[in-house]
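A.B. asks: File entry.cif follows (mmCIF, C-alpha atoms):
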```cif
data_protein
#
loop_
_atom_site.label_atom_id
_atom_site.label_comp_id
_atom_site.auth_asym_id
_atom_site.auth_seq_id
_atom_site.Cartn_x
_atom_site.Cartn_y
_atom_site.Cartn_z
CA LEU A 30 -14.21 -17.35 -2.01
CA ARG A 31 -17.88 -16.51 -2.63
CA ASP A 32 -18.82 -20.20 -3.09
CA THR A 33 -16.85 -21.29 -0.04
CA ALA A 34 -18.20 -18.51 2.15
CA SER A 35 -21.74 -19.62 1.38
CA LEU A 36 -21.10 -23.08 2.86
CA PRO A 37 -22.76 -23.77 6.21
CA GLY A 38 -20.22 -23.43 8.97
CA TRP A 39 -17.89 -20.94 7.24
CA ALA A 40 -18.82 -18.07 9.54
CA ASP A 41 -19.09 -20.09 12.74
CA ASP A 42 -16.73 -19.35 15.61
CA PRO A 43 -14.83 -21.60 15.48
CA PRO A 44 -15.61 -22.44 11.83
CA VAL A 45 -16.27 -25.89 10.46
CA LEU A 46 -12.76 -26.80 9.37
CA SER A 47 -13.85 -28.66 6.25
CA THR A 48 -15.00 -25.32 4.78
CA LEU A 49 -11.51 -23.88 5.29
CA VAL A 50 -9.95 -26.96 3.69
CA GLN A 51 -12.19 -26.52 0.67
CA PHE A 52 -11.27 -22.86 0.48
CA ALA A 53 -7.55 -23.72 0.51
CA ARG A 54 -8.06 -26.07 -2.41
CA GLN A 55 -9.46 -23.19 -4.44
CA GLU A 56 -6.47 -20.92 -3.81
CA SER A 57 -4.04 -19.88 -6.51
CA ASP A 58 -1.09 -22.19 -7.16
CA LEU A 59 1.07 -19.05 -7.15
CA ARG A 60 -0.22 -17.51 -3.92
CA VAL A 61 2.93 -18.33 -1.99
CA ALA A 62 5.12 -17.23 -4.90
CA VAL A 63 3.42 -13.84 -5.10
CA GLU A 64 3.79 -13.35 -1.35
CA ARG A 65 7.45 -14.38 -1.55
CA TYR A 66 8.15 -11.85 -4.33
CA THR A 67 6.52 -9.04 -2.37
CA LEU A 68 8.24 -9.89 0.91
CA ASP A 69 11.67 -10.41 -0.64
CA GLN A 70 11.48 -7.12 -2.51
CA ALA A 71 10.47 -5.28 0.66
CA ALA A 72 13.37 -6.91 2.51
CA ILE A 73 15.84 -5.70 -0.13
CA ARG A 74 14.48 -2.16 0.12
CA ARG A 75 14.90 -2.24 3.89
CA ARG A 76 18.40 -3.68 3.63
CA TYR A 77 19.51 -1.09 1.08
CA ASP A 78 17.60 1.91 2.38
CA VAL A 79 19.50 4.71 0.60
CA GLU A 80 17.43 5.70 -2.41
CA TYR A 81 19.22 5.82 -5.78
CA SER A 82 22.22 3.96 -4.33
CA PRO A 83 23.90 2.02 -7.17
CA VAL A 84 24.18 -0.97 -4.84
CA ARG A 85 20.43 -0.84 -4.16
CA GLN A 86 19.57 -0.37 -7.85
CA GLU A 87 21.76 -3.28 -8.93
CA ARG A 88 20.39 -5.58 -6.22
CA LEU A 89 16.79 -4.78 -7.17
CA ARG A 90 17.59 -5.19 -10.87
CA HIS A 91 19.18 -8.57 -10.27
CA PHE A 92 16.21 -9.59 -8.13
CA SER A 93 13.59 -8.71 -10.76
CA GLU A 94 15.54 -10.30 -13.61
CA GLY A 95 15.95 -13.50 -11.63
CA TRP A 96 12.23 -13.68 -10.88
CA GLN A 97 11.42 -12.93 -14.51
CA GLN A 98 13.53 -15.89 -15.65
CA ARG A 99 12.07 -18.25 -13.07
CA LEU A 100 8.53 -17.24 -13.98
CA ALA A 101 9.17 -17.73 -17.70
CA ALA A 102 10.41 -21.28 -17.00
CA LEU A 103 7.16 -22.17 -15.20
CA ASP A 104 4.56 -24.33 -16.99
CA PHE A 105 1.68 -21.87 -17.37
CA ASP A 106 -0.79 -24.50 -18.60
CA ALA A 107 -0.20 -26.68 -15.54
CA LEU A 108 -1.43 -23.98 -13.17
CA ASN A 109 -5.00 -23.83 -11.88
CA PRO A 110 -7.18 -20.95 -13.15
CA GLU A 111 -6.40 -18.74 -10.15
CA GLY A 112 -2.71 -19.50 -10.59
CA ARG A 113 -2.82 -18.46 -14.25
CA ILE A 114 -4.32 -15.13 -13.22
CA ASP A 115 -1.59 -14.61 -10.63
CA TYR A 116 1.03 -15.60 -13.21
CA ILE A 117 -0.06 -12.78 -15.49
CA LEU A 118 -0.33 -10.28 -12.64
CA LEU A 119 3.11 -11.20 -11.29
CA ARG A 120 4.65 -11.02 -14.76
CA ASN A 121 3.16 -7.55 -15.24
CA ARG A 122 4.33 -6.43 -11.79
CA ILE A 123 7.91 -7.51 -12.50
CA THR A 124 7.88 -5.61 -15.79
CA PHE A 125 6.50 -2.56 -13.99
CA ASP A 126 9.16 -2.76 -11.28
CA GLN A 127 11.87 -2.88 -13.94
CA ALA A 128 10.44 0.22 -15.61
CA THR A 129 10.40 1.97 -12.21
CA LEU A 130 14.10 1.19 -11.75
CA ARG A 131 14.87 2.77 -15.12
CA LEU A 132 12.91 5.86 -14.10
CA ASP A 133 14.86 6.03 -10.83
CA ASP A 134 18.11 5.94 -12.81
CA GLN A 135 16.93 8.89 -14.87
CA ARG A 136 15.79 10.84 -11.82
CA TRP A 137 19.11 10.25 -10.11
CA THR A 138 21.00 11.61 -13.13
CA GLU A 139 19.00 14.83 -12.82
CA ILE A 140 19.69 15.44 -9.13
CA ALA A 141 23.22 13.99 -8.83
CA PRO A 142 24.93 17.40 -9.38
CA PHE A 143 23.21 18.70 -6.23
CA VAL A 144 24.56 15.91 -4.02
CA PRO A 145 28.14 15.06 -5.09
CA PHE A 146 28.72 13.87 -1.54
CA ALA A 147 25.99 11.21 -1.62
CA ASP A 148 28.35 8.29 -2.23
CA ARG A 149 30.49 9.18 0.79
CA LEU A 150 27.43 9.14 3.05
CA ARG A 151 25.66 6.10 1.64
CA THR A 152 28.80 3.99 2.00
CA LEU A 153 28.84 4.75 5.73
CA GLN A 154 25.38 3.23 6.11
CA GLU A 155 25.98 0.36 3.71
CA ALA A 156 29.23 -0.55 5.48
CA ARG A 157 27.37 -0.61 8.78
CA TYR A 158 24.77 -2.97 7.34
CA ASP A 159 27.65 -5.13 6.11
CA ARG A 160 28.85 -5.21 9.74
CA ARG A 161 32.05 -3.31 8.98
CA ARG A 162 32.93 -1.09 11.91
CA ALA A 163 33.32 2.62 11.19
CA ASP A 164 36.66 4.27 11.78
CA PRO A 165 35.79 7.20 14.10
CA ARG A 166 38.49 9.59 12.93
CA GLU A 167 37.90 8.88 9.25
CA THR A 168 34.14 9.20 9.71
CA ALA A 169 34.55 12.55 11.45
CA GLY A 170 36.59 13.78 8.50
CA THR A 171 33.89 12.64 6.08
CA LEU A 172 31.09 14.33 8.02
CA ASP A 173 33.09 17.54 8.35
CA HIS A 174 34.01 17.63 4.66
CA VAL A 175 30.43 17.02 3.52
CA ALA A 176 29.13 19.70 5.89
CA GLU A 177 31.64 22.13 4.42
CA GLN A 178 30.44 21.32 0.91
CA ALA A 179 26.79 21.80 1.85
CA GLU A 180 27.58 25.12 3.54
CA ARG A 181 29.42 26.32 0.44
CA PHE A 182 26.54 25.32 -1.86
CA THR A 183 24.11 27.15 0.41
CA ARG A 184 26.20 30.33 0.30
CA GLU A 185 26.49 30.13 -3.49
CA LEU A 186 22.73 29.80 -3.88
CA ALA A 187 22.10 32.69 -1.47
CA ASP A 188 24.60 34.92 -3.33
CA ALA A 189 23.07 34.05 -6.70
CA ALA A 190 19.59 34.72 -5.34
CA ARG A 191 20.58 38.19 -4.11
CA LYS A 192 21.97 39.06 -7.53
CA SER A 193 18.93 37.74 -9.40
CA GLY A 194 16.25 39.10 -7.09
CA GLY A 195 15.36 35.85 -5.35
CA THR A 196 15.07 33.16 -8.00
CA VAL A 197 18.06 31.23 -9.32
CA THR A 198 17.94 29.49 -12.68
CA ARG A 199 20.29 26.81 -13.90
CA PRO A 200 20.32 25.10 -17.29
CA GLY A 201 18.17 21.98 -17.27
CA VAL A 202 17.02 22.44 -13.66
CA THR A 203 13.26 22.71 -13.25
CA PRO A 204 11.39 23.29 -10.00
CA THR A 205 10.53 19.58 -10.08
CA ILE A 206 14.18 18.56 -10.16
CA ALA A 207 15.09 21.14 -7.51
CA LEU A 208 12.42 19.96 -5.08
CA ARG A 209 13.37 16.33 -5.66
CA ALA A 210 16.98 17.26 -4.88
CA ALA A 211 15.90 19.04 -1.69
CA ARG A 212 13.94 15.98 -0.58
CA TYR A 213 16.96 13.81 -1.25
CA VAL A 214 19.19 16.02 0.86
CA GLU A 215 16.68 15.59 3.67
CA ARG A 216 16.68 11.83 3.06
CA LEU A 217 20.47 11.74 3.32
CA LYS A 218 20.16 13.67 6.55
CA GLU A 219 17.89 10.91 7.90
CA VAL A 220 20.36 8.24 6.76
CA VAL A 221 23.24 9.94 8.58
CA GLU A 222 21.02 10.43 11.63
CA ASP A 223 20.34 6.68 11.71
CA PHE A 224 24.04 5.91 11.26
CA ASN A 225 25.02 8.33 14.03
CA ARG A 226 22.37 7.00 16.40
CA PHE A 227 23.87 3.52 16.05
CA TYR A 228 27.32 4.63 17.29
CA SER A 229 26.82 7.79 19.30
CA GLY A 230 26.83 7.22 23.04
CA TYR A 231 27.71 3.56 22.56
CA ASP A 232 31.19 3.92 21.08
CA PRO A 233 33.04 6.53 23.19
CA VAL A 234 35.79 7.03 20.60
CA TYR A 235 33.22 7.63 17.84
CA THR A 236 31.29 9.98 20.11
CA TRP A 237 34.42 11.99 20.87
CA TRP A 238 35.41 12.35 17.22
CA CYS A 239 32.02 12.74 15.55
CA ALA A 240 29.73 14.69 17.90
CA VAL A 241 30.75 18.10 16.57
CA PRO A 242 31.04 17.16 12.85
CA TYR A 243 27.65 15.42 12.98
CA ALA A 244 25.97 18.47 14.54
CA ARG A 245 27.56 20.65 11.86
CA LEU A 246 26.36 18.35 9.08
CA GLU A 247 22.83 18.22 10.44
CA LYS A 248 22.62 22.01 10.50
CA ALA A 249 24.26 22.35 7.08
CA PHE A 250 21.86 19.89 5.43
CA THR A 251 18.82 21.65 6.87
CA ALA A 252 20.04 24.97 5.48
CA TYR A 253 21.05 23.50 2.12
CA ALA A 254 17.73 21.72 1.53
CA GLY A 255 15.93 24.95 2.42
CA ALA A 256 18.08 26.98 0.03
CA VAL A 257 17.49 24.58 -2.86
CA ARG A 258 13.77 24.53 -2.15
CA GLU A 259 13.53 28.32 -1.95
CA HIS A 260 15.93 29.61 -4.58
CA LEU A 261 15.59 26.88 -7.22
CA GLY A 262 12.23 25.34 -6.39
CA GLY A 263 10.35 28.60 -5.85
CA VAL A 264 9.04 27.74 -2.37
CA ARG A 265 9.05 30.97 -0.39
CA PRO A 266 9.02 30.84 3.43
CA GLY A 267 5.67 31.96 4.79
CA GLU A 268 3.94 31.75 1.41
CA PRO A 269 1.72 28.97 0.02
CA ALA A 270 3.94 26.43 -1.70
CA PRO A 271 3.44 26.02 -5.44
CA ILE A 272 2.03 22.72 -6.65
CA VAL A 273 4.94 20.95 -8.29
CA GLY A 274 4.51 17.35 -9.39
CA ASP A 275 7.19 14.82 -10.25
CA PRO A 276 5.96 13.25 -13.49
CA VAL A 277 6.73 9.65 -14.40
CA LEU A 278 7.19 10.73 -18.04
CA ALA A 279 6.11 8.77 -21.11
CA GLU A 280 7.78 5.46 -20.27
CA GLY A 281 6.54 5.61 -16.69
CA LEU A 282 2.99 6.30 -17.83
CA ARG A 283 3.12 3.39 -20.25
CA ALA A 284 4.31 1.16 -17.42
CA HIS A 285 1.48 2.30 -15.12
CA LEU A 286 -1.12 1.71 -17.81
CA ALA A 287 0.30 -1.74 -18.57
CA VAL A 288 0.41 -2.94 -14.96
CA GLU A 289 -3.22 -1.87 -14.51
CA MET A 290 -4.12 -3.66 -17.78
CA ILE A 291 -5.51 -0.52 -19.37
CA PRO A 292 -5.32 -1.28 -23.11
CA TYR A 293 -4.99 2.33 -24.26
CA SER A 294 -2.14 4.71 -24.82
CA ALA A 295 -1.98 8.07 -23.05
CA GLU A 296 -2.84 9.78 -26.34
CA GLU A 297 -5.96 7.63 -26.75
CA LEU A 298 -7.09 8.35 -23.19
CA ILE A 299 -6.60 12.10 -23.63
CA ALA A 300 -8.53 12.01 -26.91
#
```
Just dump the structure as structure tokens.
C.D. replies:
Amino acid sequence: LRDTASLPGWADDPPVLSTLVQFARQESDLRVAVERYTLDQAAIRRRYDVEYSPVRQERLRHFSEGWQQRLAALDFDALNPEGRIDYILLRNRITFDQATLRLDDQRWTEIAPFVPFADRLRTLQEARYDRRRADPRETAGTLDHVAEQAERFTRELADAARKSGGTVTRPGVTPTIALRAARYVERLKEVVEDFNRFYSGYDPVYTWWCAVPYARLEKAFTAYAGAVREHLGGVRPGEPAPIVGDPVLAEGLRAHLAVEMIPYSAEELIA
């Protein structure tokens, strides 16, 4: 880029086209492949927008493994120098993305007990994306049942907090896990909001059945996320929130160091 940009005519408006042709000849052989990987991955994340969904995790896992196999079959020596650099960077990015998926699996295991209703809600959205029409009466029952669960969990947390003086402790649940669970409840609320917006007002039968259950669920999720955040996460209303990070743990840190090509372990960097 530096050599091409120094050519006379590069910065002209319009430029001398021969300088752009020369620049294109110096591009990486894998430029289009890298762009395709990034765009396809983003498209999958948009298509399966419910975080931690097993369908989303499996689709992303299959995607990265497929790209890993295709990249390994490529003739590295036949690439131009820029292409060889992109080959290594893309290989490292795929490995990093796979490590991130494993971390997501672990994080989901930690918060799953807080959201036993997650599968019932994610399937509503995923069925819509699969162009399967929602059954209004069945959907209303789902929304109402989930709202009832969230209301019960909120009451249980409030009762436990009154008995313990404000803070509730549960085995294996740290403030980090609690706050992640609260954020996920809010994320599920957004997913249901998007699902409801698609049907409400357009489908009169859906609107008749689901208007009240949806309003109940929206209110219940707001209260439940707040209860988890306050009683388990230690975030008190009106007080400065504590600084609680969500660590990537040892494997995650190794993955971050590897993708940035930092040839040291965490222990070596600390030392």
A.B. asks: Env of A:Pro242: 6 Å cut, atoms = only C-alpha atoms, seq-sep filter 3 positions within chain, self excluded. Answer as a PDB file with C-alpha atoms, in the frame of the given file.
C.D. replies:
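File result_7.pdb, as written:
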```pdb
ATOM      1  CA  ALA A 169      34.550  12.550  11.450  1.00  0.00           C
ATOM      2  CA  LEU A 172      31.090  14.330   8.020  1.00  0.00           C
ATOM      3  CA  ASP A 173      33.090  17.540   8.350  1.00  0.00           C
ATOM      4  CA  CYS A 239      32.020  12.740  15.550  1.00  0.00           C
ATOM      5  CA  ARG A 245      27.560  20.650  11.860  1.00  0.00           C
TER       6      ARG A 245
END
```
A.B. asks: What is the distance between atom CA of A:Val197 and atom CA of A:Ala176, in Å to one decimal?
C.D. replies: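 For atom CA of A:Val197 relative to atom CA of A:Ala176, the distance reads 22.1 Å.
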A.B. asks: Mind pulling up the distance from atom CA of A:Val175 to atom CA of A:Pro145?
C.D. replies: 9.1 Å
A.B. asks: Which residues come within 12 Å of stretch 198-210 of chain A, counting all atoms listed in the file, excluding same-chain residues fewer than 3 positions away, as a PyMOL selection string?
C.D. replies: chain A and resi 80-81+133+135-145+147+186+189-190+192-195+213-217+250+253-264+270-277
A.B. asks: Have a look at A:Trp237, A:Trp96, A:Phe227, A:Phe52 and name the one nearest to A:Arg160; count all atoms listed in the file.
C.D. replies: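 When distances to A:Arg160 are compared using all atoms listed in the file, the smallest one comes from A:Phe227.
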A.B. asks: To one decimal place, how far is atom CA of A:Arg85 from atom CA of A:Ile73 in Å?
C.D. replies: 7.8 Å
A.B. asks: Which polymer residues have any atom within 8 Å of an atom of A:Gly112, counting all atoms listed in the file, with same-chain residues fewer than 4 positions away left out, as a list of chain:residue names?
C.D. replies: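 These residues fall inside the cut-off: A:Glu56, A:Ser57, A:Asp58, A:Leu59, A:Arg60, A:Leu108, A:Tyr116.
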A.B. asks: Using only C-alpha atoms, can you list as a list in words the residues within 12 Å of (26.8, 3.0, -3.1)?
C.D. replies: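 I get Tyr77, Asp78, Val79, Glu80, Tyr81, Ser82, Pro83, Val84, Arg85, Gln86, Glu87, Arg88, Phe146, Ala147, Asp148, Arg149, Leu150, Arg151, Thr152, Leu153, Gln154, Glu155 and Ala156 of chain A for the residues within 12 Å of that point.
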A.B. asks: Fewer than 4 positions away in the same chain doesn't count, so skip those; otherwise give me all residues within 7 Å of stretch 282-285 of chain A, counting only C-alpha atoms, as a list in words.
C.D. replies: Phe125, Ala128, Val277, Leu278 and Glu289 of chain A
A.B. asks: Next, write the just-selected residues to a file, as a JSON list (two decimals), in the frame of the given file, keeping C-alpha atoms as the atom set.
C.D. replies:
```json
[["chain", "number", "residue", "atom", "x", "y", "z"],
["A", 125, "PHE", "CA", 6.50, -2.56, -13.99],
["A", 128, "ALA", "CA", 10.44, 0.22, -15.61],
["A", 277, "VAL", "CA", 6.73, 9.65, -14.40],
["A", 278, "LEU", "CA", 7.19, 10.73, -18.04],
["A", 289, "GLU", "CA", -3.22, -1.87, -14.51]]
```
A.B. asks: Choose the residue, out of A:Asn121, A:Val221, A:Arg161, A:Ala211, that has the smallest atom-to-atom separation from A:Ile291; count only C-alpha atoms.
C.D. replies: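 Looking only at the distances to A:Ile291, the closest residue turns out to be A:Asn121.
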A.B. asks: Please write the residues picked by the PyMOL selection byres ((chain A and resi 67-69) around 12) on this file as a PyMOL selection string.
C.D. replies: chain A and resi 60-66+70-76+88-89+92-93+96+119+122-123+126
A.B. asks: For each of A:Arg157, A:His174, A:Arg120, A:Lys248, take the minimum atom-to-atom distance to A:Gly95, counting only C-alpha atoms, then give the residue where this is smallest.
C.D. replies: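 Going through A:Arg157, A:His174, A:Arg120, A:Lys248 one by one, the smallest distance to A:Gly95 is for A:Arg120.
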